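**Student:** Take this structure, written in structure tokens, and hold onto it; I'll ask about it next.
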Amino acid sequence: MENSEHLAHIRHTLAHLLAQAVLEHYPSALLTLGPAVDNGFYYDIDFGTDKVSDEDLGKISKTMVKNLSKWTEFTHKEVSKGEALKSFAGNIYKAELINEIAERGEKITLYTCGGFTDLCRGGHTEHPNKDISPDSFVLDRIAGAYWRGSEDNKMLTRIYGLAFETKKDLNAYKIQQEEARKRDHRKLGRELDLFTFSDLVGVGMPLFTPRGNIVREQIIGFSRELNDSLGFGEVHTPNINKAELFKISGHYDKYKEDMLSVRSQYVSDEMFLKPMNCPQHTQIYASAPRSYRDLPIRYSDFAVLYRDERPGEMSGLTRLRSFSQDDGHIFCRPDQVEEEIGSVLGAIQKALEVYKIDSWMRLSLRDPNNKEKYLGDDETWEKSQAIMKSLLKEKNIAHKEAIGEAAFYGPKIDIMAVDAIGREWQISTIQLDFNQPARFELVYTDSDGKQKTPVMIHRALIGSPDRFLGILTEHYAGAFPTWLSPVQVSIIPVREEHEDEAEKIYAKLKSESIRVEKISGNESLGKRIHKAKDFNVPYVIIFGDKEKESGVLTIEKRDGSKIEVSLDDFIAHIKEETKNRS
RNA sequence: GCCGAUAUAGUUCAGUGGUAGAACACUACUUUCGUAAAGUAGGAACGUGGGUCCGAUUCCCACUUUCGGCUCCA
């Protein structure tokens, strides 16, 4: 539905209608661009000194509805550059666009409908008043957006509208958004007691509670197991490093503004909290002479990293100042690159199968028009990008190419996950780097006795365990599978006289390393059961007279269904689920 | 960082130019109940700092937080 051309035309037409309404209320506003987007449309406008806020959307919206009835048919005409500039006299934004269109030698067209004319290349519904239902769209919110997406330009006011073919579709979308908000990890994180933030600790620095830390540790444990199967050796490295390290790696020049500096009282060295692990791993590699026979050498690391993200960019667990990665670096010979990347891809696929996350693959390439953003020469980039491309082709892996998304030292294969509100986040990544090994002068002795430079592969299986916890919370809507659940079993004695028996079952489960809690106290049975359910505990054992007599446990699952099993069978079942990660 | 909004118990909300109320949650007691929200009592909040005012949680300013975007993301 989102891709239908007709709907895109409706949305773009509404952007025109919005522009006209805005000018009626703010005659001095300068129009810029107004495209159709997923779910609706927007128009970027320079309001000059006028203030516009959410309250003003109502009146603008009313004017749109009023005007729509007069929007019977679009007409358009081709005009010369001079004519176009004249009709938008005083509007520097339109002038910029007109000049660019003329430079490219394209036709300049003006579209008119309902007495309103805008610079446009077309793409409208033919008869807006017939094609668009006045209750199928709504002005949604005000946002800021830089002119042409560049931070160096003026910030304009963007008005977003939601638009669908029918009112029903619009409502369905609103309901879907509401549902998504219910599984927002920031809300569930508080309700399920997984993590918190403190003004005193600081923005973007999450505090994981015991419950949250269990989930986080399970995520790390799984990555650790996968690392082990790939032949990685886990290392442990410090959080503070001398600036010199980052100068050589290239991070200093590229990201100095985004690193947090640390001062010693005794020495004058410039130091930073580390924003990544790769330069440190090069130093472990460099600590001994390496033979071609030693390669590949693989290091993994779960250290906490620190980046000085700008305040407005932080959000929940998805963007943090302090976070860890399930990081790893492979130092190998050129002839080993393909196999190494292949086996890492295999491990990533295994992880994605277990978590059942919606994702897609992106091949992130260098932007050839912005070469100064990257390290290394053209030849190296051509080579590394060609390796990545042929690898994906050979393995027949579906992916999208993204120009300009490469790391500054090399191309990447990224796995992108989608969160509850439809935003995309990078999780897994595999990066091919010919630059850093050379800059750190890493070598190995090859079979011909010559010193050669190894290739470095950076990789993360699920990215950041912290961020991934947020993504998983939304993915499972807080109902983690048994292996991830902070509490796997709650045991609830019906009355006080069942306490002792319940305690025995509790102790038995505990001794089997099952995460179990007992909910006693003077609250009603039903209330205690709901308490467990509020926390999405997968299994609730209710222990009363019936169970005492029969010796069979009554176990209620999250979905409300009940099973009756012996304690031994139940233990075996949970262990099986934990082992299989289900 | 930029644009717009936001801020009252743990949570969700109410309210006022004379320093605040509810529900759920919490604590104690009562109830021992086979699928929650029964009784009694209690503790608990106006983000921070300025300003206006006799007096500010309420009005103004700044900062901070959070939210929606933009930009950035090794």
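Simple scheme: letters A, B, ... for chains in structure tokens order, numbers from 1 for residues in each chain, numbers from 1 for ligands in the order shown.
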Could you work out which residues of chain A fall inside 7 Å of chain B? Count only C-alpha atoms (C1' of nucleotides), and format the result as an mmCIF file with N, CA and C atoms, in the first residue's frame.
**Tutor:**
```
data_model
loop_
_atom_site.group_PDB
_atom_site.id
_atom_site.type_symbol
_atom_site.label_atom_id
_atom_site.label_comp_id
_atom_site.auth_asym_id
_atom_site.auth_seq_id
_atom_site.Cartn_x
_atom_site.Cartn_y
_atom_site.Cartn_z
ATOM 1 N N SER A 53 3.858 26.687 16.133
ATOM 2 C CA SER A 53 3.952 25.514 16.995
ATOM 3 C C SER A 53 2.751 24.603 16.757
ATOM 4 N N ILE A 142 5.176 19.340 14.164
ATOM 5 C CA ILE A 142 6.159 20.320 13.693
ATOM 6 C C ILE A 142 7.540 19.782 14.035
ATOM 7 N N ALA A 143 8.464 19.944 13.132
ATOM 8 C CA ALA A 143 9.836 19.522 13.410
ATOM 9 C C ALA A 143 10.785 20.506 12.755
ATOM 10 N N GLY A 144 12.038 20.438 13.151
ATOM 11 C CA GLY A 144 13.061 21.264 12.514
ATOM 12 C C GLY A 144 13.807 20.430 11.500
ATOM 13 N N ALA A 145 14.242 21.038 10.422
ATOM 14 C CA ALA A 145 15.031 20.305 9.434
ATOM 15 C C ALA A 145 15.921 21.292 8.705
ATOM 16 N N TYR A 146 17.188 20.906 8.540
ATOM 17 C CA TYR A 146 18.119 21.798 7.849
ATOM 18 C C TYR A 146 17.804 21.863 6.364
ATOM 19 N N SER A 150 21.673 19.812 5.320
ATOM 20 C CA SER A 150 23.031 20.107 5.759
ATOM 21 C C SER A 150 23.030 20.993 7.000
ATOM 22 N N GLU A 151 23.798 20.554 7.970
ATOM 23 C CA GLU A 151 23.906 21.245 9.246
ATOM 24 C C GLU A 151 24.416 22.682 9.089
ATOM 25 N N MET A 155 18.108 26.242 9.613
ATOM 26 C CA MET A 155 17.111 25.258 9.983
ATOM 27 C C MET A 155 15.735 25.796 9.646
ATOM 28 N N THR A 157 11.381 25.090 9.261
ATOM 29 C CA THR A 157 10.313 24.438 10.010
ATOM 30 C C THR A 157 9.656 23.419 9.102
ATOM 31 N N MET A 276 36.346 2.971 20.876
ATOM 32 C CA MET A 276 36.308 1.700 20.138
ATOM 33 C C MET A 276 37.526 0.894 20.558
ATOM 34 N N ARG A 310 26.073 13.912 20.902
ATOM 35 C CA ARG A 310 25.441 15.200 21.193
ATOM 36 C C ARG A 310 24.112 14.956 21.907
ATOM 37 N N ALA A 407 32.724 2.721 6.776
ATOM 38 C CA ALA A 407 33.545 3.285 7.840
ATOM 39 C C ALA A 407 34.671 4.081 7.186
ATOM 40 N N ARG A 495 -1.736 -21.215 50.006
ATOM 41 C CA ARG A 495 -1.920 -20.705 51.371
ATOM 42 C C ARG A 495 -0.633 -20.896 52.164
ATOM 43 N N GLU A 496 -0.659 -20.345 53.357
ATOM 44 C CA GLU A 496 0.529 -20.390 54.195
ATOM 45 C C GLU A 496 1.000 -21.809 54.450
ATOM 46 N N SER A 524 -3.720 -11.771 47.939
ATOM 47 C CA SER A 524 -4.564 -12.856 47.442
ATOM 48 C C SER A 524 -3.811 -13.642 46.384
ATOM 49 N N LEU A 525 -4.226 -14.884 46.213
ATOM 50 C CA LEU A 525 -3.571 -15.758 45.240
ATOM 51 C C LEU A 525 -3.596 -15.134 43.844
ATOM 52 N N GLY A 526 -4.785 -14.675 43.451
ATOM 53 C CA GLY A 526 -4.932 -14.097 42.117
ATOM 54 C C GLY A 526 -4.003 -12.919 41.915
ATOM 55 N N LYS A 527 -3.889 -12.121 42.938
ATOM 56 C CA LYS A 527 -3.054 -10.939 42.844
ATOM 57 C C LYS A 527 -1.594 -11.320 42.649
ATOM 58 N N ILE A 529 -0.503 -14.093 41.328
ATOM 59 C CA ILE A 529 -0.337 -14.668 39.979
ATOM 60 C C ILE A 529 -0.169 -13.541 38.959
ATOM 61 N N HIS A 530 -0.991 -12.524 39.107
ATOM 62 C CA HIS A 530 -0.899 -11.402 38.175
ATOM 63 C C HIS A 530 0.408 -10.640 38.297
#
```
**Student:** Show which residues sit within 9 Å of Val337 of chain A, as a PDB file with N, CA and C atoms, in the first residue's frame. Count only C-alpha atoms (C1' of nucleotides), and ignore same-chain residues fewer than 3 positions away.
**Tutor:**
```pdb
ATOM      1  N   CYS A 332      44.482 -11.253   9.454  1.00  0.00           N
ATOM      2  CA  CYS A 332      44.687 -12.416   8.597  1.00  0.00           C
ATOM      3  C   CYS A 332      45.455 -12.061   7.333  1.00  0.00           C
ATOM      4  N   ARG A 333      45.811 -13.104   6.594  1.00  0.00           N
ATOM      5  CA  ARG A 333      46.476 -12.909   5.308  1.00  0.00           C
ATOM      6  C   ARG A 333      45.402 -12.585   4.277  1.00  0.00           C
ATOM      7  N   PRO A 334      45.789 -11.925   3.174  1.00  0.00           N
ATOM      8  CA  PRO A 334      44.797 -11.597   2.140  1.00  0.00           C
ATOM      9  C   PRO A 334      44.044 -12.832   1.646  1.00  0.00           C
ATOM     10  N   GLU A 340      37.232 -15.963   6.314  1.00  0.00           N
ATOM     11  CA  GLU A 340      36.944 -15.341   7.618  1.00  0.00           C
ATOM     12  C   GLU A 340      35.609 -14.612   7.590  1.00  0.00           C
ATOM     13  N   ILE A 341      35.411 -13.810   6.542  1.00  0.00           N
ATOM     14  CA  ILE A 341      34.145 -13.071   6.444  1.00  0.00           C
ATOM     15  C   ILE A 341      32.993 -14.055   6.338  1.00  0.00           C
ATOM     16  N   GLY A 342      33.214 -15.102   5.575  1.00  0.00           N
ATOM     17  CA  GLY A 342      32.175 -16.118   5.419  1.00  0.00           C
ATOM     18  C   GLY A 342      31.780 -16.746   6.741  1.00  0.00           C
ATOM     19  N   ILE A 387      36.137  -6.993  -3.114  1.00  0.00           N
ATOM     20  CA  ILE A 387      36.130  -8.248  -2.349  1.00  0.00           C
ATOM     21  C   ILE A 387      34.766  -8.458  -1.701  1.00  0.00           C
ATOM     22  N   LEU A 432      36.003  -4.379   6.415  1.00  0.00           N
ATOM     23  CA  LEU A 432      37.269  -4.807   5.842  1.00  0.00           C
ATOM     24  C   LEU A 432      38.225  -3.617   5.841  1.00  0.00           C
ATOM     25  N   VAL A 455      45.709  -8.157   6.895  1.00  0.00           N
ATOM     26  CA  VAL A 455      44.424  -7.487   6.695  1.00  0.00           C
ATOM     27  C   VAL A 455      43.689  -7.532   8.029  1.00  0.00           C
ATOM     28  N   MET A 456      42.911  -6.475   8.312  1.00  0.00           N
ATOM     29  CA  MET A 456      42.164  -6.436   9.566  1.00  0.00           C
ATOM     30  C   MET A 456      40.670  -6.476   9.240  1.00  0.00           C
ATOM     31  N   ILE A 457      39.970  -7.383   9.904  1.00  0.00           N
ATOM     32  CA  ILE A 457      38.512  -7.424   9.745  1.00  0.00           C
ATOM     33  C   ILE A 457      37.893  -7.053  11.096  1.00  0.00           C
TER      34      ILE A 457
END
```
**Student:** Find the residues around A9 of chain B up to 12 Å (only C-alpha atoms (C1' of nucleotides) counted), leave out those fewer than 5 positions away in its own chain, and share them as a VMD selection string.
**Tutor:** chain B and resid 20 to 22 24 to 26 43 to 46
**Student:** Per DSSP on the backbone, what are the alpha helix (DSSP H) residues of segment 30-128 of chain A, as an MDAnalysis selection string?
**Tutor:** chainID A and resid 57:68 81:87 92:103 128
**Student:** Just how far from atom CA of Leu68 of chain A is atom CA of Pro134 of chain A, in Å to one decimal?
**Tutor:**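 Interatomic distance, atom CA of Pro134 of chain A to atom CA of Leu68 of chain A: 7.6 Å.
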**Student:** Could you tell me how far atom CA of Ile284 of chain A sits from atom CA of Gly449 of chain A, in Å to one decimal place?
**Tutor:**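 Separation between atom CA of Gly449 of chain A and atom CA of Ile284 of chain A: 22.2 Å.
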**Student:** Can you list, as a PyMOL selection string, every protein, DNA or RNA residue that comes within 10 Å of segment 48-58 of chain B when you count only C-alpha atoms (C1' of nucleotides), leaving out same-chain residues fewer than 3 positions away?
**Tutor:** chain B and resi 8+15-20+61-64
**Student:** Provide the atom CA of Gly189 of chain A to atom CA of Gly470 of chain A distance in Å, to one decimal place.
**Tutor:**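 Atom-to-atom, atom CA of Gly189 of chain A and atom CA of Gly470 of chain A are spaced 8.0 Å apart.
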